[in-house]
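Here's the structure, in structure tokens; my notes come after.
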Amino acid sequence: MTDQSLSTHHLQQRILGLEQELADLRRTQSWQSAVVDSLTVGVCLLDAEGFIIATNHRLALMLGYPDSTLKGTNCRTLAYPDGRFVEDKPIAEIFQGKRTYHQFELCMLHRDGTPLWVRATTQPILAADQTVQYVVGTFEDISQRKQMEVEARQTQEQQQVFTQLIFEYVYGATLHQNGTSTTNWHSGAIEEVTTYTSEEILASERGWAGFIYPPDIEALAQVNTSYITQKQTAATEYRIITRNGSLRWVRDRVVPVGTDENGDFQIIGAVENIDEQKRAVEALARSEELHRTIMRNFPSGMIALLDHDLRYTLVDGNGLKEIGLTPDDLEGKRLRDVFPPEIYERDEPHLLAALAGEARVNDVAYNGKHYRIHTLPVKDRHGEIMAGMVMTQDITPLRMAEQQRIELTVAQEKARFLAEFLGNMSHDLKTPLSIINTSLYLLERYTDPVQQQRKLDN
């Protein structure tokens, strides 16, 4: 074999080796790409200017974009309007070789315009000369955690407000074994809550019980026994007698502390003035009962309120019995949950129109009877539509009366026509009868039979 042949053979072997290495490299890249795409975190490759070189499927999915559209995008355009996509100084330090790792939280902009909170980790990708060529970033979705933090802060703020508003009068007391109680100390707005001064309450021979409305003392004693035996926090609502003799509702929250050396039970409590809200609730209950009574006695029909999901919230009326239903059969349910398709398909458009602000009136037939259905919007004091109202009334007697009126009118018209016809017939018959009577009279005057026959023939 010549030197040229050896050279050619060697070159062919080298080419085959390179092709094999290329194939292996492609398989490795394909495998690496599959691994990166299967990660549960988003991954992207950034250059020194902040442009995205490549991303995995997860990052595109997190941001709501197709896989190929993020490539070439500057990462700063993906920042939420009031946030930053990257922290420039640490990222710059990674490219300068001064930092090998940086983790931070940031708010990204989802394709639909909503914020997406992520935890980002950035690391360098080195070139052959050990200089930083790219930065790889991984992004973990922490939106749920952020939302929980926001809710926790809101809850904490609400609790702070709740504490400020409710625990207006705090006290420590002793519940004696004989059933009496002694107030040991108190702080807060005692006079604003009770109308009595601190000195007056501490000087009371019966303790706090001396200010409680007598009919409520027994119920309060039962609650005291309960939290003494169970050693649990309890809240009780009862009435106190104010300085001017009027009654005031309070809520008393009690935390058990323990038993002292005398066997008496120690508690810490907080009293809140709830008179206005209690009376408002009672007034609302009376108002609702009045409305319910009016609806319950609505004659020959029913009245119903529906929410924006077409769900009955309040239903009553004595007409319900006539169709075999009770308020419980409808309240909390939708029209289509109770009635057959031909009914809800007929009536739903009118209910939707009411919730859109349009009032309608329709006459329908159901179960052998006729009903008039009014559908109309119910607005709050601001003019906003808060519900839809349906008022149904049985108009079968009205329809029957209308039918009877029509039948009577027809009968009267027939009688008038018959009377007119008979009148005309009577007039038409009188003239021939008069002629016949006259002819008979004249015939009787003839004595000659021949002349009588001639008159008859004529």
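Ligands are numbered from 1 in the order shown, chains are lettered A, B, ... in the order of the structure tokens, and residues start at 1 in each chain.
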**Q.** Spatial neighbours of A:Lys146, max dist 12 Å, only C-alpha atoms, sep filter under 3 positions, as number ranges by chain
**A.** A: 105-107, 115-119, 141-143, 149-153
Output for the residues just chosen: N, CA, C and O atoms as an mmCIF file, in the first residue's frame:
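So the final result, stored in selection-v4.cif, reads:
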data_model
loop_
_atom_site.group_PDB
_atom_site.id
_atom_site.type_symbol
_atom_site.label_atom_id
_atom_site.label_comp_id
_atom_site.auth_asym_id
_atom_site.auth_seq_id
_atom_site.Cartn_x
_atom_site.Cartn_y
_atom_site.Cartn_z
ATOM 1 N N GLU A 105 -35.566 36.947 44.707
ATOM 2 C CA GLU A 105 -36.977 36.825 44.326
ATOM 3 C C GLU A 105 -37.348 38.004 43.442
ATOM 4 O O GLU A 105 -36.913 39.138 43.700
ATOM 5 N N LEU A 106 -38.146 37.737 42.425
ATOM 6 C CA LEU A 106 -38.537 38.816 41.522
ATOM 7 C C LEU A 106 -39.940 38.561 40.990
ATOM 8 O O LEU A 106 -40.459 37.438 41.033
ATOM 9 N N CYS A 107 -40.523 39.631 40.497
ATOM 10 C CA CYS A 107 -41.880 39.569 39.952
ATOM 11 C C CYS A 107 -41.799 39.685 38.439
ATOM 12 O O CYS A 107 -41.377 40.714 37.906
ATOM 13 N N PRO A 115 -49.060 39.346 37.425
ATOM 14 C CA PRO A 115 -47.722 39.143 37.997
ATOM 15 C C PRO A 115 -47.451 37.674 38.273
ATOM 16 O O PRO A 115 -48.352 36.901 38.596
ATOM 17 N N LEU A 116 -46.183 37.285 38.153
ATOM 18 C CA LEU A 116 -45.752 35.931 38.458
ATOM 19 C C LEU A 116 -44.500 36.017 39.320
ATOM 20 O O LEU A 116 -43.438 36.441 38.858
ATOM 21 N N TRP A 117 -44.643 35.633 40.578
ATOM 22 C CA TRP A 117 -43.509 35.677 41.495
ATOM 23 C C TRP A 117 -42.686 34.408 41.366
ATOM 24 O O TRP A 117 -43.230 33.296 41.355
ATOM 25 N N VAL A 118 -41.335 34.584 41.259
ATOM 26 C CA VAL A 118 -40.426 33.445 41.130
ATOM 27 C C VAL A 118 -39.215 33.657 42.031
ATOM 28 O O VAL A 118 -38.887 34.780 42.402
ATOM 29 N N ARG A 119 -38.566 32.531 42.387
ATOM 30 C CA ARG A 119 -37.258 32.588 43.028
ATOM 31 C C ARG A 119 -36.226 32.257 41.959
ATOM 32 O O ARG A 119 -36.273 31.178 41.350
ATOM 33 N N ASP A 141 -41.525 28.860 40.536
ATOM 34 C CA ASP A 141 -42.772 29.599 40.750
ATOM 35 C C ASP A 141 -43.112 29.612 42.246
ATOM 36 O O ASP A 141 -43.328 28.568 42.855
ATOM 37 N N ILE A 142 -43.134 30.810 42.843
ATOM 38 C CA ILE A 142 -43.460 30.947 44.276
ATOM 39 C C ILE A 142 -44.699 31.826 44.467
ATOM 40 O O ILE A 142 -44.894 32.405 45.528
ATOM 41 N N SER A 143 -45.524 31.914 43.419
ATOM 42 C CA SER A 143 -46.711 32.783 43.484
ATOM 43 C C SER A 143 -47.643 32.377 44.607
ATOM 44 O O SER A 143 -48.195 33.229 45.317
ATOM 45 N N GLU A 149 -48.364 34.737 51.887
ATOM 46 C CA GLU A 149 -47.744 35.780 52.703
ATOM 47 C C GLU A 149 -48.619 37.027 52.741
ATOM 48 O O GLU A 149 -48.780 37.654 53.799
ATOM 49 N N VAL A 150 -49.185 37.382 51.574
ATOM 50 C CA VAL A 150 -50.070 38.554 51.519
ATOM 51 C C VAL A 150 -51.291 38.325 52.401
ATOM 52 O O VAL A 150 -51.699 39.194 53.177
ATOM 53 N N GLU A 151 -51.885 37.131 52.293
ATOM 54 C CA GLU A 151 -53.061 36.819 53.104
ATOM 55 C C GLU A 151 -52.714 36.807 54.584
ATOM 56 O O GLU A 151 -53.517 37.239 55.418
ATOM 57 N N ALA A 152 -51.509 36.308 54.908
ATOM 58 C CA ALA A 152 -51.093 36.288 56.320
ATOM 59 C C ALA A 152 -50.944 37.704 56.858
ATOM 60 O O ALA A 152 -51.347 38.000 57.992
ATOM 61 N N ARG A 153 -50.345 38.603 56.026
ATOM 62 C CA ARG A 153 -50.204 39.999 56.467
ATOM 63 C C ARG A 153 -51.572 40.642 56.651
ATOM 64 O O ARG A 153 -51.799 41.369 57.618
#
Using only C-alpha atoms, which protein or nucleic acid residues come within 8 Å of A:Asp363? Drop anything in the same chain fewer than 4 positions from it, and give the result as a PDB file with C-alpha atoms, in the first residue's frame.
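For reference, result-v8.pdb as written:
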ATOM      1  CA  HIS A 370    -102.730  30.444  33.880  1.00  0.00           C
ATOM      2  CA  TYR A 371    -100.083  32.592  35.602  1.00  0.00           C
ATOM      3  CA  ARG A 372     -98.842  36.138  35.144  1.00  0.00           C
ATOM      4  CA  ILE A 373     -95.089  36.385  35.794  1.00  0.00           C
TER       5      ILE A 373
END
(Q) Taking 3 positions as the minimum chain separation for residues in the same chain, which residues sit within 6 Å of stretch 40-49 of chain A when counting only C-alpha atoms? Answer as a list in words. (A)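 Here the qualifying residues turn out to be Ile52, Ile53, Ala54, Thr55, Asn56, Arg58, Leu59, Tyr134, Val135, Val136, Gly137, Thr138, Phe139 and Glu140 of chain A.
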Selection from above, N, CA, C and O atoms, as a short mmCIF file (atom, residue, chain, number, x, y, z; two decimals), in the first residue's frame, can you write it?
data_model
loop_
_atom_site.label_atom_id
_atom_site.label_comp_id
_atom_site.auth_asym_id
_atom_site.auth_seq_id
_atom_site.Cartn_x
_atom_site.Cartn_y
_atom_site.Cartn_z
N ILE A 52 -32.07 36.72 25.89
CA ILE A 52 -32.29 35.29 26.12
C ILE A 52 -31.77 34.50 24.93
O ILE A 52 -32.21 34.70 23.79
N ILE A 53 -30.83 33.59 25.18
CA ILE A 53 -30.27 32.74 24.14
C ILE A 53 -31.12 31.49 23.95
O ILE A 53 -31.36 31.05 22.83
N ALA A 54 -31.60 30.93 25.05
CA ALA A 54 -32.42 29.72 24.98
C ALA A 54 -33.24 29.59 26.27
O ALA A 54 -32.86 30.14 27.32
N THR A 55 -34.36 28.89 26.18
CA THR A 55 -35.20 28.61 27.36
C THR A 55 -35.68 27.17 27.29
O THR A 55 -35.66 26.55 26.23
N ASN A 56 -36.10 26.66 28.43
CA ASN A 56 -36.76 25.34 28.40
C ASN A 56 -38.27 25.52 28.32
O ASN A 56 -38.81 26.63 28.43
N ARG A 58 -40.57 24.65 30.40
CA ARG A 58 -41.23 25.02 31.65
C ARG A 58 -41.30 26.54 31.82
O ARG A 58 -42.33 27.07 32.24
N LEU A 59 -40.22 27.25 31.47
CA LEU A 59 -40.23 28.70 31.62
C LEU A 59 -41.24 29.34 30.69
O LEU A 59 -41.98 30.25 31.08
N TYR A 134 -21.88 32.88 29.27
CA TYR A 134 -23.32 33.08 29.48
C TYR A 134 -23.63 32.99 30.98
O TYR A 134 -22.78 32.55 31.78
N VAL A 135 -24.83 33.38 31.33
CA VAL A 135 -25.37 33.16 32.67
C VAL A 135 -26.61 32.30 32.52
O VAL A 135 -27.49 32.58 31.70
N VAL A 136 -26.69 31.22 33.28
CA VAL A 136 -27.87 30.37 33.28
C VAL A 136 -28.71 30.70 34.52
O VAL A 136 -28.17 30.85 35.63
N GLY A 137 -30.00 30.88 34.28
CA GLY A 137 -30.91 31.21 35.38
C GLY A 137 -31.99 30.15 35.52
O GLY A 137 -32.52 29.66 34.52
N THR A 138 -32.29 29.76 36.74
CA THR A 138 -33.41 28.85 37.02
C THR A 138 -34.47 29.62 37.80
O THR A 138 -34.14 30.47 38.63
N PHE A 139 -35.73 29.32 37.50
CA PHE A 139 -36.85 30.10 38.05
C PHE A 139 -37.89 29.16 38.63
O PHE A 139 -38.47 28.34 37.91
N GLU A 140 -38.13 29.31 39.92
CA GLU A 140 -39.13 28.49 40.62
C GLU A 140 -40.36 29.35 40.92
O GLU A 140 -40.25 30.44 41.48
#
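Relative to atom CA of A:Val250, atom CA of A:Ser187 is found at 16.4 Å.
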Q) If you run DSSP on the backbone, which residues of stretch 190-330 of chain A are strand (DSSP E or B), as a ChimeraX atom specification? A) /A:212,234-241,247-259,265-273,301-306,311-316
Q. So how far away is atom CA of A:Ser300 from atom CA of A:Gly317, in Å?
A.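 One can read the atom CA of A:Gly317 to atom CA of A:Ser300 distance as 7.6 Å.
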